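Participant: Got a structure for you, written out below as C-alpha cells; questions coming shortly.
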Amino acid sequence: MSPSVLSVDTVSRWYGNVVAVNDVTMTIGPGITGLLGPNGAGKSTLIGMLAGFLAPSAGSVTLDGTTVWKNPDVYRAIGLVPEREAAYDFLTGWQFVLANAELHGLADPGAAAKRALATVEMEFAQNRKVGEYSKGMKQRVKMASALVHDPAVLLLDEPFNGMDPRQRLHLMELLRQMGAEGRTVLFSSHILEEVEQVAQQIEVMVAGRHAASGDFREIRRLMIDRPHQYVIRSSDDRGLASALIADGSTAGVQLDDGVLSVEAVSFLRFTELLPRVARDAGIRLFEVSPTDESLESVFSYLVKS
Amino acid sequence: MNGTVVRLTYRALLGGRRAWLLLLMSVLLLAMAVLLRVTVGVDHQVTADFLGAVAVAALVPLFGLIVGTGVIGPEIDDGSIVYLLSKPISRPRIILSKLVVAAAGTVLFAAVPTFVAGLVMSGTADRIALGFGVAALVASLAYSAIFLLLAVVTRHAVVFGLAYALIWEGLLGSFVPGARTLSVQQWSLSLTEAITTRDLVSSDVRLAVAGVLLAVVIVGATWYAGQRLRVLTLAGEE
C-alpha cells in the first residue's frame, strides 16, 4: 500500500458568524491518528472537509497534493465511515456492501464485498437487513462498505459512539490492523481513553482550534502537568491552609467563607503532598474534590498554553 | 447513468407503502374514467375536461412531486446519500440516474394511466387519448426534473413544490394570463392541442414555444441539479 498523506493547511470553516474550524494546520500520515476534542469542537466539520463534503472557507485540504473538494476521484483512495446511522436499511448487509463495491466500479465487486465483510467478521449476519442490525453491527457493516475498495485512507467520524465494550475492543483491533497495513487512519472521539488506546498520534481540537498534537504520552503529560484546582474539607481548614502555605509546594491557597481551595502545580506531586502535610499537622481530610476536572477545562487549559 | 444508483433509487422509492399509494391513485383515475364512461357515455368534451383537470392538472404534477423529490430528498435528509457521494462517480451522473427513475415512475403511474383513461372514455377517436397521453408523458419528465432539482436545493422541497403546483399553476394561472406562459401544464396542453384532431383544448402557449421551453426546463433543471449536488454540503451532527 503506497502511503497517503492528508494535509490541512491554514483551514478555517465558518457558518455565517459561527467559526467551526479556526485556522487549523495539520498533516495526517500513515498509521492511526486520533482526533480528540469535546463535542462541538469542530471535529466533524474537519472530517467533513477531509472527506470532501464541505468546502473550507479558507485554506486548503489536500490528499497527496490533490485538492479534495469537488474531486470525486479522491474517493478511489478514501474510505469514509460517517457518524450518521442511516444506510439503506432496506438492503441486506451483503447487498449494501456489494452496492458500495459496484459504485466504486470495482472489477469483481462480489469478491471485494466478500473480503470486506470477512474483515469485519460480519458474514454471519450478511443476509439480514441493515435496518435490523444492532448499533455495533451497523458500525461494522459501514466499516466494510468503507473498506470494500481497499482504500489507502480511512476516515471515521465518532466510530465508537454507542458501542458496547466488546464491540469497542473489536473495532480497536480492526483499526490497529488497518494502521499496521500502512493505511492512513483518522478517527474522531471525545474520549481520551479511547483515543490513547489505539492512536499513535493524537490531534486535539478545542473550540475550532488545533490545541495540541503529539503521541498519547505527550497529550497525557499536558493534561496532568498543569495547575489543578481542589476544594478541601478537613477537621481544621485554617490549620491545613497554613501548613500548605508553609510547605510552599502549591501555587495558591485560599480560604474564603470557610471554603479551602488549593491550586496544585502538578497533579502527581499534589497527590503525595496533601496527605503527608495533613498527617504531619494532625489534620483529618474529609473531602478533596477537583473543581475543574471536566474534559472541557482540560482542553481549555491546553488552548491557553 | 449508473445502474447501481438506479437500482438503489428504485428500491428506496418503490419499496414499502409508497408504491401502493401511487398505484391506488392511478387505479382511482381509471375507476373515475370507467364511471364517467358508464354514466355519461362517450362525450369527447367530457373526456377532455376530465383529463385536463384531473390528470394533467392534478395527478401528473402531484406524482411528479412525490416521485421527483422522493428519489433523492429522503437520502439527503437522513444522510445516507453520503454512500453515493463518496464514490468516484460524477455528481451529474448520479442526478441523471435519479432522474431516470423519477421520470419512469411518473410516466408509469401518471402518464400511462392518463392514456388508458383516455382510451376508456373516448377510444381512439380524434386522437384524444394520445394527445393527453403525450402531454402527461412530457409533463412527467418536466415535473420530475423540476422537483428533483428542488429536492437538491432545499430541504423543504415538498412545500415549495406544492406551492408551485397549487398557487402558480392552479390559482395564479386562472387570474393572471401571463403566468400561464410559464406553466408546465400549459406547455404540455399545447401538445395535446396539436395532436388531437378536434378542437377540444386550447393552450395559451404556441407549440414551438412550448417545445423549446419544455426542453430548456428539463435539460436546464437536470444540469443545475448536477451542479448543486457537486457542492452539496453534508452538515455534521455538531
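Each chain in the C-alpha cells gets a letter, A, B, ..., in the order shown, and its residues are numbered from 1; ligands are numbered from 1 in order too.
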Which chain A residues are at most 6 Å from chain B (counting only C-alpha atoms), as JSON, numbers by chain?

Facilitator: {"A": [40, 44, 53, 54, 72, 73, 75, 86, 87, 104]}

Participant: Run DSSP on the backbone and give me the residues of stretch 25-111 of chain A it puts in strand (DSSP E), as a list in words.

Facilitator: Thr25, Met26, Thr27, Ile28, Gly31, Ile32, Thr33, Gly34, Leu35, Leu36, Ala58, Gly59, Ser60, Val61, Thr62, Leu63, Thr66, Thr67, Ile78, Gly79, Leu80 and Val81 of chain A

Participant: Excluding B:Gly105 and residues on its chain fewer than 3 positions from it, collect all residues at most 10 Å away from it, counting only C-alpha atoms, and give them as a VMD selection string.

Facilitator: chain B and resid 10 13 to 14 19 22 63 to 64 66 to 68 71 99 to 102 108 to 111 140 to 141 144

Participant: Given the selection you just returned, output its residues as a file containing N, CA and C atoms, formatted as a PDB file, in the first residue's frame.

Facilitator:
ATOM      1  N   TYR B  10     -34.542   3.046  -7.146  1.00  0.00           N
ATOM      2  CA  TYR B  10     -35.809   2.408  -7.452  1.00  0.00           C
ATOM      3  C   TYR B  10     -36.314   1.619  -6.244  1.00  0.00           C
ATOM      4  N   LEU B  13     -37.449   4.017  -3.515  1.00  0.00           N
ATOM      5  CA  LEU B  13     -38.660   4.758  -3.874  1.00  0.00           C
ATOM      6  C   LEU B  13     -39.892   3.875  -3.812  1.00  0.00           C
ATOM      7  N   LEU B  14     -39.771   2.695  -4.381  1.00  0.00           N
ATOM      8  CA  LEU B  14     -40.969   1.883  -4.543  1.00  0.00           C
ATOM      9  C   LEU B  14     -41.087   0.743  -3.532  1.00  0.00           C
ATOM     10  N   ALA B  19     -45.324   2.745  -3.171  1.00  0.00           N
ATOM     11  CA  ALA B  19     -45.742   2.179  -4.453  1.00  0.00           C
ATOM     12  C   ALA B  19     -47.244   1.886  -4.445  1.00  0.00           C
ATOM     13  N   LEU B  22     -49.269   5.137  -4.715  1.00  0.00           N
ATOM     14  CA  LEU B  22     -49.260   5.668  -6.075  1.00  0.00           C
ATOM     15  C   LEU B  22     -50.179   4.832  -6.966  1.00  0.00           C
ATOM     16  N   PHE B  63     -47.827  13.487  -8.765  1.00  0.00           N
ATOM     17  CA  PHE B  63     -46.921  12.342  -8.845  1.00  0.00           C
ATOM     18  C   PHE B  63     -45.495  12.802  -9.109  1.00  0.00           C
ATOM     19  N   GLY B  64     -45.378  13.816  -9.966  1.00  0.00           N
ATOM     20  CA  GLY B  64     -44.045  14.363 -10.227  1.00  0.00           C
ATOM     21  C   GLY B  64     -43.411  14.853  -8.937  1.00  0.00           C
ATOM     22  N   ILE B  66     -44.220  13.882  -5.718  1.00  0.00           N
ATOM     23  CA  ILE B  66     -43.929  12.777  -4.796  1.00  0.00           C
ATOM     24  C   ILE B  66     -42.694  12.001  -5.263  1.00  0.00           C
ATOM     25  N   VAL B  67     -42.669  11.685  -6.547  1.00  0.00           N
ATOM     26  CA  VAL B  67     -41.599  10.834  -7.064  1.00  0.00           C
ATOM     27  C   VAL B  67     -40.316  11.643  -7.280  1.00  0.00           C
ATOM     28  N   GLY B  68     -40.451  12.846  -7.840  1.00  0.00           N
ATOM     29  CA  GLY B  68     -39.266  13.663  -8.127  1.00  0.00           C
ATOM     30  C   GLY B  68     -38.490  14.015  -6.870  1.00  0.00           C
ATOM     31  N   VAL B  71     -36.961  10.593  -4.985  1.00  0.00           N
ATOM     32  CA  VAL B  71     -35.781   9.850  -5.422  1.00  0.00           C
ATOM     33  C   VAL B  71     -34.498  10.339  -4.763  1.00  0.00           C
ATOM     34  N   LEU B  99     -32.941  10.895 -12.090  1.00  0.00           N
ATOM     35  CA  LEU B  99     -33.989  11.431 -12.951  1.00  0.00           C
ATOM     36  C   LEU B  99     -34.654  10.300 -13.751  1.00  0.00           C
ATOM     37  N   VAL B 100     -33.845   9.364 -14.212  1.00  0.00           N
ATOM     38  CA  VAL B 100     -34.396   8.239 -14.982  1.00  0.00           C
ATOM     39  C   VAL B 100     -35.446   7.503 -14.148  1.00  0.00           C
ATOM     40  N   VAL B 101     -35.130   7.262 -12.882  1.00  0.00           N
ATOM     41  CA  VAL B 101     -36.075   6.551 -12.015  1.00  0.00           C
ATOM     42  C   VAL B 101     -37.324   7.411 -11.775  1.00  0.00           C
ATOM     43  N   ALA B 102     -37.104   8.701 -11.501  1.00  0.00           N
ATOM     44  CA  ALA B 102     -38.238   9.590 -11.233  1.00  0.00           C
ATOM     45  C   ALA B 102     -39.153   9.679 -12.448  1.00  0.00           C
ATOM     46  N   LEU B 108     -44.998   5.861 -15.524  1.00  0.00           N
ATOM     47  CA  LEU B 108     -45.705   4.601 -15.270  1.00  0.00           C
ATOM     48  C   LEU B 108     -46.984   4.828 -14.462  1.00  0.00           C
ATOM     49  N   PHE B 109     -46.898   5.649 -13.426  1.00  0.00           N
ATOM     50  CA  PHE B 109     -48.039   5.796 -12.521  1.00  0.00           C
ATOM     51  C   PHE B 109     -48.995   6.913 -12.918  1.00  0.00           C
ATOM     52  N   ALA B 110     -48.542   7.885 -13.729  1.00  0.00           N
ATOM     53  CA  ALA B 110     -49.420   9.004 -14.061  1.00  0.00           C
ATOM     54  C   ALA B 110     -49.709   9.115 -15.556  1.00  0.00           C
ATOM     55  N   ALA B 111     -48.660   9.015 -16.394  1.00  0.00           N
ATOM     56  CA  ALA B 111     -48.881   9.235 -17.830  1.00  0.00           C
ATOM     57  C   ALA B 111     -49.599   8.047 -18.471  1.00  0.00           C
ATOM     58  N   SER B 140     -44.617  14.737 -17.215  1.00  0.00           N
ATOM     59  CA  SER B 140     -43.960  13.861 -16.229  1.00  0.00           C
ATOM     60  C   SER B 140     -42.458  14.102 -16.213  1.00  0.00           C
ATOM     61  N   LEU B 141     -41.873  14.188 -17.405  1.00  0.00           N
ATOM     62  CA  LEU B 141     -40.430  14.431 -17.494  1.00  0.00           C
ATOM     63  C   LEU B 141     -40.077  15.787 -16.883  1.00  0.00           C
ATOM     64  N   SER B 144     -40.606  15.865 -13.067  1.00  0.00           N
ATOM     65  CA  SER B 144     -39.568  15.064 -12.398  1.00  0.00           C
ATOM     66  C   SER B 144     -38.283  15.865 -12.292  1.00  0.00           C
TER      67      SER B 144
END

Participant: Using atom CA of A:Gln229 and atom CA of A:Val206 as the two end points, give the distance in Å to one decimal.

Facilitator: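 It comes out at 20.6 Å.
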
Participant: Hey, what's within 6 Å of stretch 120-131 of chain A if we count only C-alpha atoms and toss same-chain stuff fewer than 5 positions away? As a PyMOL selection string, please?

Facilitator: chain A and resi 89+91-94+140

Participant: Kindly export the residues of the current selection with N, CA and C atoms, as a PDB file, in the first residue's frame.

Facilitator:
ATOM      1  N   ASP A  89     -31.475   1.004   4.886  1.00  0.00           N
ATOM      2  CA  ASP A  89     -31.923  -0.031   5.811  1.00  0.00           C
ATOM      3  C   ASP A  89     -32.669  -1.182   5.144  1.00  0.00           C
ATOM      4  N   LEU A  91     -31.777  -2.774   2.513  1.00  0.00           N
ATOM      5  CA  LEU A  91     -30.871  -3.753   1.905  1.00  0.00           C
ATOM      6  C   LEU A  91     -30.350  -4.712   2.970  1.00  0.00           C
ATOM      7  N   THR A  92     -29.942  -5.906   2.549  1.00  0.00           N
ATOM      8  CA  THR A  92     -29.225  -6.773   3.482  1.00  0.00           C
ATOM      9  C   THR A  92     -27.787  -6.279   3.558  1.00  0.00           C
ATOM     10  N   GLY A  93     -27.081  -6.731   4.581  1.00  0.00           N
ATOM     11  CA  GLY A  93     -25.690  -6.333   4.740  1.00  0.00           C
ATOM     12  C   GLY A  93     -24.882  -6.635   3.476  1.00  0.00           C
ATOM     13  N   TRP A  94     -25.128  -7.813   2.938  1.00  0.00           N
ATOM     14  CA  TRP A  94     -24.422  -8.223   1.713  1.00  0.00           C
ATOM     15  C   TRP A  94     -24.742  -7.282   0.556  1.00  0.00           C
ATOM     16  N   ARG A 140     -20.036  -1.958  11.945  1.00  0.00           N
ATOM     17  CA  ARG A 140     -19.131  -2.866  11.258  1.00  0.00           C
ATOM     18  C   ARG A 140     -19.456  -2.953   9.769  1.00  0.00           C
TER      19      ARG A 140
END

Participant: Which parts of stretch 22-191 of chain B does DSSP call alpha helix (DSSP H) when run on the backbone here, written out as a ChimeraX atom specification?

Facilitator: /B:22-40,44-50,60-70,73-78,82-85,91-106,112-122,128-153,157-163,173-175,177-181,184-191
